[in-house]
>>> print(open('entry.txt').read())   # compact mmCIF, C-alpha atoms
# COMPACT_ATOMS: atom_id res chain seq x y z
CA ILE O 1 9.95 4.26 -6.57
CA GLY O 2 12.27 2.80 -9.19
CA PHE O 3 10.86 -0.69 -8.62
CA LEU O 4 7.30 0.62 -8.91
CA VAL O 5 8.04 2.50 -12.14
CA ASP O 6 9.82 -0.50 -13.68
CA SER O 7 6.94 -2.80 -12.69
CA ASP O 8 4.42 -0.38 -14.20
CA HIS O 9 6.36 -0.28 -17.50
CA GLU O 10 6.55 -4.08 -17.53
CA ASP O 11 2.84 -4.50 -16.82
CA THR O 12 1.87 -2.00 -19.53
CA THR O 13 4.19 -3.63 -22.09
CA ILE O 14 2.81 -7.12 -21.42
CA ASN O 15 -0.77 -5.78 -21.46
CA TYR O 16 -0.20 -4.53 -25.01
CA GLY O 17 1.19 -7.90 -26.08
CA ASP O 18 4.87 -6.96 -26.33
CA ASP O 19 7.90 -8.63 -24.78
CA TYR O 20 9.45 -6.86 -21.81
CA PRO O 21 13.21 -7.52 -21.66
CA VAL O 22 14.54 -8.88 -18.38
CA LYS O 23 17.90 -10.28 -17.28
CA MET O 24 18.58 -13.51 -19.17
CA LEU O 25 22.02 -14.45 -17.85
CA ASP O 26 23.84 -14.17 -14.55
CA ILE O 27 27.36 -12.82 -14.64
CA ASN O 28 29.86 -15.68 -14.89
CA GLY O 29 32.76 -13.91 -13.23
CA GLN O 30 35.02 -16.92 -12.81
CA TYR O 31 34.57 -17.88 -16.46
CA PHE O 32 35.16 -14.35 -17.72
CA LEU O 33 38.21 -13.92 -15.49
CA ALA O 34 39.71 -17.22 -16.66
CA ASN O 35 39.26 -16.14 -20.28
CA LEU O 36 40.84 -12.77 -19.55
CA LEU O 37 43.87 -14.37 -17.89
CA LYS O 38 44.24 -16.69 -20.87
CA LYS O 39 44.10 -13.67 -23.20
CA VAL O 40 46.91 -11.99 -21.26
CA GLU O 41 48.95 -15.20 -21.41
CA ASN O 42 48.49 -15.27 -25.19
CA ILE O 43 49.63 -11.66 -25.46
CA SER O 44 52.74 -12.54 -23.44
CA ARG O 45 53.48 -15.46 -25.75
CA ASP O 46 52.99 -13.29 -28.83
CA PHE O 47 55.33 -10.66 -27.40
CA LYS O 48 58.06 -13.24 -26.89
CA ASN O 49 57.55 -14.31 -30.51
CA GLY O 50 57.91 -10.73 -31.72
CA LEU O 51 54.26 -10.36 -32.71
CA VAL O 52 53.38 -7.48 -30.36
CA PRO O 53 54.62 -4.02 -31.50
CA CYS O 54 55.71 -2.85 -28.08
CA SER O 55 58.98 -2.07 -26.31
CA LYS O 56 60.24 -4.44 -23.62
CA GLU O 57 59.94 -1.74 -20.95
CA ARG O 58 56.33 -0.91 -21.85
CA PHE O 59 55.36 -4.59 -21.96
CA GLU O 60 56.89 -5.24 -18.53
CA LEU O 61 54.95 -2.27 -17.10
CA ARG O 62 51.73 -3.67 -18.61
CA GLN O 63 52.40 -7.01 -16.99
CA GLU O 64 53.13 -5.39 -13.63
CA LEU O 65 49.93 -3.32 -13.81
CA PHE O 66 47.85 -6.40 -14.58
CA LYS O 67 49.54 -8.36 -11.78
CA ILE O 68 48.82 -5.64 -9.21
CA CYS O 69 45.13 -5.43 -10.21
CA GLY O 70 44.97 -9.20 -9.81
CA GLU O 71 46.48 -9.20 -6.33
CA THR O 72 45.33 -6.01 -4.59
CA GLU O 73 43.17 -6.54 -1.50
CA LEU O 74 39.47 -5.95 -2.04
CA LEU O 75 38.39 -4.38 1.25
CA ASP O 76 37.23 -0.94 0.06
CA ASP O 77 34.33 0.67 -1.78
CA PHE O 78 36.42 2.95 -4.02
CA TYR O 79 39.56 2.16 -6.03
CA LEU O 80 41.82 4.26 -8.24
CA VAL O 81 43.76 2.69 -11.13
CA ASP O 82 45.87 5.37 -12.76
CA GLY O 83 48.23 4.78 -15.65
CA THR O 84 49.46 6.44 -18.79
CA VAL O 85 48.06 5.88 -22.28
CA GLY O 86 48.88 2.50 -23.83
CA ILE O 87 49.84 0.85 -20.56
CA GLY O 88 47.03 -1.73 -20.55
CA LYS O 89 44.46 -0.14 -18.22
CA THR O 90 41.47 -1.45 -20.19
CA LEU O 91 42.19 -5.10 -19.39
CA ALA O 92 43.54 -4.33 -15.92
CA ILE O 93 40.36 -2.57 -14.76
CA MET O 94 38.25 -5.40 -16.17
CA GLU O 95 40.32 -7.84 -14.12
CA LEU O 96 39.78 -5.74 -10.98
CA ALA O 97 36.04 -5.35 -11.70
CA LEU O 98 35.60 -9.11 -12.20
CA ARG O 99 37.44 -9.84 -8.96
CA LEU O 100 35.17 -7.40 -7.11
CA SER O 101 32.04 -8.95 -8.65
CA ILE O 102 33.18 -12.43 -7.58
CA LYS O 103 34.10 -11.40 -4.03
CA TYR O 104 30.95 -9.39 -3.32
CA GLY O 105 28.47 -11.40 -5.36
CA SER O 106 27.67 -8.58 -7.79
CA ASP O 107 25.41 -9.56 -10.68
CA LYS O 108 26.39 -6.64 -12.91
CA ILE O 109 29.40 -4.60 -14.02
CA ILE O 110 28.76 -1.15 -15.45
CA PHE O 111 31.43 0.76 -17.34
CA MET O 112 30.82 4.48 -17.52
CA LEU O 113 32.86 6.42 -20.10
CA PRO O 114 32.71 10.03 -21.28
CA TYR O 115 32.84 9.41 -25.03
CA ILE O 116 31.04 7.12 -27.46
CA ALA O 117 34.27 6.30 -29.31
CA LEU O 118 35.84 5.04 -26.08
CA ILE O 119 32.79 2.91 -25.35
CA ASP O 120 32.92 1.21 -28.74
CA GLN O 121 36.68 0.70 -28.46
CA SER O 122 36.44 -0.80 -24.96
CA ALA O 123 33.50 -3.02 -25.95
CA MET O 124 35.45 -4.56 -28.82
CA GLU O 125 38.44 -5.20 -26.56
CA TYR O 126 36.28 -6.86 -23.91
CA ILE O 127 34.45 -9.00 -26.45
CA ASP O 128 37.83 -10.15 -27.75
CA SER O 129 39.18 -10.78 -24.25
CA ILE O 130 36.49 -12.48 -22.16
CA PHE O 131 34.23 -14.30 -24.62
CA ILE O 132 35.41 -17.57 -26.15
CA SER O 133 32.03 -18.22 -27.75
CA LYS O 134 30.48 -15.21 -29.45
CA ASP O 135 26.99 -16.76 -29.55
CA LYS O 136 25.64 -15.01 -26.45
CA VAL O 137 27.62 -11.77 -26.54
CA ASP O 138 24.46 -9.69 -27.09
CA HIS O 139 22.95 -11.03 -23.86
CA ASN O 140 26.21 -10.86 -21.88
CA LEU O 141 27.43 -7.41 -22.91
CA SER O 142 25.39 -4.34 -23.79
CA VAL O 143 26.62 -1.14 -25.41
CA ILE O 144 24.26 1.67 -24.45
CA HIS O 145 24.51 4.93 -26.32
CA SER O 146 22.49 6.90 -28.87
CA VAL O 147 24.19 5.76 -32.09
CA PHE O 148 24.85 2.09 -31.34
CA ARG O 149 23.23 -0.16 -33.95
CA THR O 150 21.17 -2.80 -32.19
CA LYS O 151 20.03 -5.94 -34.01
CA SER O 152 16.33 -5.58 -33.20
CA VAL O 153 13.81 -3.54 -31.22
CA PHE O 154 13.94 -6.17 -28.47
CA HIS O 155 17.77 -6.02 -28.40
CA ARG O 156 17.62 -2.22 -28.08
CA LYS O 157 15.17 -2.44 -25.16
CA TYR O 158 17.24 -5.19 -23.54
CA ALA O 159 20.42 -3.09 -23.75
CA LYS O 160 18.81 0.16 -22.54
CA GLY O 161 17.40 -1.70 -19.54
CA PHE O 162 20.89 -2.66 -18.27
CA ASN O 163 19.89 -6.31 -18.32
CA ALA O 164 23.24 -7.72 -19.40
CA PRO O 165 25.90 -8.80 -16.89
CA ILE O 166 28.35 -6.28 -18.45
CA ASN O 167 27.15 -2.86 -19.62
CA LEU O 168 28.98 0.07 -21.19
CA THR O 169 27.33 3.48 -21.26
CA THR O 170 28.03 7.20 -21.30
CA SER O 171 28.35 9.32 -18.20
CA VAL O 172 25.42 11.43 -19.48
CA ASN O 173 23.14 8.39 -19.61
CA PHE O 174 24.32 7.19 -16.20
CA PHE O 175 23.60 10.46 -14.44
CA ASN O 176 20.31 10.89 -16.31
CA ILE O 177 19.18 7.68 -14.64
CA ILE O 178 20.38 8.83 -11.23
CA ALA O 179 19.06 12.40 -11.34
CA SER O 180 16.23 12.42 -13.89
CA ASN O 181 12.54 12.72 -13.01
CA HIS O 182 11.58 10.99 -16.28
CA THR O 183 10.24 7.49 -15.74
CA TRP O 184 11.96 6.06 -18.85
CA ALA O 185 15.32 6.84 -17.24
CA PHE O 186 14.58 6.56 -13.53
CA LYS O 187 13.18 3.03 -13.80
CA ASN O 188 16.71 1.74 -14.40
CA ILE O 189 18.09 3.00 -11.09
CA THR O 190 17.25 -0.32 -9.47
CA LYS O 191 19.59 -2.06 -11.96
CA PHE O 192 22.55 -0.37 -10.25
CA ILE O 193 21.97 -2.04 -6.88
CA GLY O 194 24.90 -4.25 -5.91
CA SER O 195 26.82 -3.52 -9.09
CA VAL O 196 30.50 -2.83 -9.74
CA ILE O 197 30.79 0.54 -11.47
CA VAL O 198 33.94 1.35 -13.42
CA ILE O 199 34.45 4.99 -14.39
CA ASP O 200 37.05 5.10 -17.14
CA GLU O 201 38.68 8.46 -17.87
CA TYR O 202 36.74 9.79 -14.90
CA PRO O 203 38.12 13.39 -14.99
CA ALA O 204 36.28 13.88 -18.28
CA ILE O 205 32.82 12.78 -17.12
CA ALA O 206 31.98 16.19 -15.61
CA SER O 207 33.56 19.55 -14.95
CA TYR O 208 35.07 20.51 -11.61
CA GLU O 209 32.02 22.19 -10.07
CA PHE O 210 29.91 19.01 -10.35
CA TRP O 211 32.29 16.75 -8.45
CA PRO O 212 31.05 17.52 -4.92
CA THR O 213 27.60 16.31 -6.02
CA ILE O 214 29.07 13.32 -7.87
CA ILE O 215 31.06 12.28 -4.79
CA LYS O 216 27.97 12.53 -2.58
CA ILE O 217 25.96 10.43 -5.04
CA MET O 218 28.62 7.74 -5.19
CA LYS O 219 29.05 7.63 -1.43
CA ASP O 220 25.29 7.08 -1.10
CA MET O 221 25.35 4.38 -3.78
CA ALA O 222 28.16 2.60 -1.95
CA GLU O 223 26.35 2.84 1.40
CA TYR O 224 22.76 2.15 0.38
CA PHE O 225 23.17 0.20 -2.90
CA SER O 226 26.33 -1.75 -1.89
CA CYS O 227 28.04 -0.58 -5.10
CA LYS O 228 31.81 -0.79 -5.61
CA PHE O 229 33.57 1.85 -7.71
CA VAL O 230 36.75 1.76 -9.79
CA TYR O 231 38.16 5.04 -11.14
CA SER O 232 40.67 4.95 -13.96
CA SER O 233 42.45 7.56 -16.05
CA GLY O 234 45.62 8.29 -17.98
CA THR O 235 45.53 11.80 -16.52
CA PRO O 236 44.20 11.29 -12.98
CA VAL O 237 42.82 14.22 -10.99
CA ARG O 238 42.10 13.49 -7.35
CA PHE O 239 39.04 15.69 -6.98
CA TRP O 240 38.36 14.27 -3.52
CA GLU O 241 41.68 15.71 -2.27
CA ILE O 242 40.94 19.28 -3.39
CA LYS O 243 40.36 21.43 -0.31
CA GLU O 244 37.37 23.32 -1.74
CA ILE O 245 35.60 20.07 -2.58
CA GLU O 246 36.46 18.55 0.80
CA LYS O 247 34.81 21.52 2.50
CA ILE O 248 31.65 21.19 0.41
CA ILE O 249 31.14 17.45 0.93
CA ASN O 250 32.10 17.85 4.61
CA ASP O 251 32.86 14.16 4.95
CA THR O 252 35.68 11.70 4.42
CA PHE O 253 35.99 10.09 1.00
CA GLU O 254 38.67 7.42 0.93
CA VAL O 255 39.79 6.00 -2.41
CA LYS O 256 42.29 3.15 -2.44
CA GLN O 257 45.23 3.86 -4.73
CA VAL O 258 45.85 0.54 -6.43
CA ILE O 259 48.97 1.54 -8.38
CA PRO O 260 52.04 2.35 -6.25
CA ASP O 261 53.66 5.74 -6.84
CA LYS O 262 56.89 4.04 -7.91
CA LEU O 263 55.14 2.18 -10.73
CA PHE O 264 53.27 5.30 -11.86
CA ASP O 265 56.56 7.23 -11.93
CA LYS O 266 57.98 4.54 -14.23
CA MET O 267 54.97 4.95 -16.51
CA MET O 268 55.42 8.73 -16.60
CA GLY O 269 59.11 8.32 -17.35
CA LEU O 270 58.34 6.03 -20.26
CA GLU O 271 55.67 8.42 -21.53
CA SER O 272 57.98 11.46 -21.40
CA GLY O 273 60.52 9.58 -23.49
CA ARG O 274 58.15 8.97 -26.42
>>> encode(input="entry.txt", output="structure tokens")
Amino acid sequence: IGFLVDSDHEDTTINYGDDYPVKMLDINGQYFLANLLKKVENISRDFKNGLVPCSKERFELRQELFKICGETELLDDFYLVDGTVGIGKTLAIMELALRLSIKYGSDKIIFMLPYIALIDQSAMEYIDSIFISKDKVDHNLSVIHSVFRTKSVFHRKYAKGFNAPINLTTSVNFFNIIASNHTWAFKNITKFIGSVIVIDEYPAIASYEFWPTIIKIMKDMAEYFSCKFVYSSGTPVRFWEIKEIEKIINDTFEVKQVIPDKLFDKMMGLESGR
């Protein structure tokens, strides 16, 4: 149905003489990953030169987190990257998402976040980290929320259509597309097929009672859409391990814990000493 609705919108738009935005660029995962690794190398160099305002212990934990996300085996559908605030999760989960997109041939990475401020902050960090040339940023990365200032009507339509290789949007918009019966939203569901979906600060995307439904939706997307999911949070809540939720979903839901308990304990120890 999603394909039919999208095709109908495209046909109507062209019939009225307007441009219908479509994907212009394929994701260049190897290129983006190489730029990201170079960015991390530059941060390491700046730290050694005293240009990064960070303690030695915190910096070493950041490096270890990034190293683990760059080496963990990619054999699962669901991954959990937990870490305290200021420990470098933003770049680490991008590294993991790019590795997943390369391994499984994904043509799109979607970042879902609960708050607009977090979306804008993450977008700026990714633009700074993975793009050497800023000429094609608008076609490579889309920020999709209600108050983002697009450069033109076409740019706004292009972004809202999830046509870019990397997309950042709110959890409300994401689930509107999944669950809505409005054609303007539902037509984008086909854009999620085969994508890597990163849910940053996932405990805040919905309250407890919605998680059984969310888990069922994501299991179906992994099975039928071949999606891969990365969960990340500074205050992780393993909803899938709560007995009441396990009973409701009545199925196994295995999430790979990327960060070893020992490393997370070090992060918590550092955080408690602030």
>>> residues_around(input="entry.txt", residues="O:Ala117", least_positions_apart="4", cutoff="12 Å", atoms="all atoms listed in the file", output="list of chain:residue names")
O:Leu113, O:Gln121, O:Ser122, O:Ala123, O:Met124, O:Val143, O:His145, O:Ser146, O:Val147, O:Phe148, O:Leu168, O:Thr169, O:Thr170
>>> write_last_selection(input="entry.txt", atoms="C-alpha atoms", output="PDB file, in the frame of the given file")
ATOM      1  CA  LEU O 113      32.860   6.420 -20.100  1.00  0.00           C
ATOM      2  CA  GLN O 121      36.680   0.700 -28.460  1.00  0.00           C
ATOM      3  CA  SER O 122      36.440  -0.800 -24.960  1.00  0.00           C
ATOM      4  CA  ALA O 123      33.500  -3.020 -25.950  1.00  0.00           C
ATOM      5  CA  MET O 124      35.450  -4.560 -28.820  1.00  0.00           C
ATOM      6  CA  VAL O 143      26.620  -1.140 -25.410  1.00  0.00           C
ATOM      7  CA  HIS O 145      24.510   4.930 -26.320  1.00  0.00           C
ATOM      8  CA  SER O 146      22.490   6.900 -28.870  1.00  0.00           C
ATOM      9  CA  VAL O 147      24.190   5.760 -32.090  1.00  0.00           C
ATOM     10  CA  PHE O 148      24.850   2.090 -31.340  1.00  0.00           C
ATOM     11  CA  LEU O 168      28.980   0.070 -21.190  1.00  0.00           C
ATOM     12  CA  THR O 169      27.330   3.480 -21.260  1.00  0.00           C
ATOM     13  CA  THR O 170      28.030   7.200 -21.300  1.00  0.00           C
TER      14      THR O 170
END
>>> atom_distance(input="entry.txt", atom1="atom CA of O:Lys157", atom2="atom CA of O:Asp107")
19.1 Å
>>> closest_residue(input="entry.txt", among="O:Ile242, O:Leu118, O:Ile87, O:Ala204", to="O:Cys54", atoms="only C-alpha atoms")
O:Ile87
>>> residues_around(input="entry.txt", residues="O:Asp128", least_positions_apart="2", cutoff="12 Å", atoms="all atoms listed in the file", output="list in words")
Phe32, Asn35, Leu36, Lys38, Lys39, Val40, Leu91, Gln121, Ser122, Ala123, Met124, Glu125, Tyr126, Ile130, Phe131, Ile132, Ser133, Lys134, Val137 and Leu141 of chain O
>>> closest_residue(input="entry.txt", among="O:Gly83, O:Gly29, O:Gly17, O:Gly194", to="O:Lys262", atoms="only C-alpha atoms")
O:Gly83
>>> closest_residue(input="entry.txt", among="O:Thr90, O:Ser142, O:Asn49, O:Asn173", to="O:Phe66", atoms="all atoms listed in the file")
O:Thr90
>>> closest_residue(input="entry.txt", among="O:Thr150, O:Asn42, O:Ser106, O:Ser272", to="O:Asp26", atoms="only C-alpha atoms")
O:Ser106
>>> closest_residue(input="entry.txt", among="O:Ser180, O:Met218, O:Tyr31, O:Asn188", to="O:Lys160", atoms="all atoms listed in the file")
O:Asn188
>>> atom_distance(input="entry.txt", atom1="atom CA of O:Ile116", atom2="atom CA of O:Ile144")
9.2 Å
>>> closest_residue(input="entry.txt", among="O:Lys187, O:His182, O:His139, O:Lys228", to="O:Leu100", atoms="only C-alpha atoms")
O:Lys228
>>> atom_distance(input="entry.txt", atom1="atom CA of O:Lys219", atom2="atom CA of O:Thr84")
26.8 Å
>>> residues_around(input="entry.txt", residues="O:Arg58", least_positions_apart="2", cutoff="9 Å", atoms="all atoms listed in the file", output="ChimeraX atom specification")
/O:54-56,60-63,86-87,267,270
>>> axis_aligned_box(input="entry.txt", around="stretch 247-259 of chain O", padding_each_side="8 Å", output="lines of an AutoDock Vina configuration file")
center_x = 40.1
center_y = 11.0
center_z = -1.7
size_x = 33.8
size_y = 37.0
size_z = 29.3
>>> residues_around(input="entry.txt", residues="O:Leu75", least_positions_apart="5", cutoff="12 Å", atoms="all atoms listed in the file", output="PyMOL selection string")
chain O and resi 99-100+103-104+228-229+254-256+258
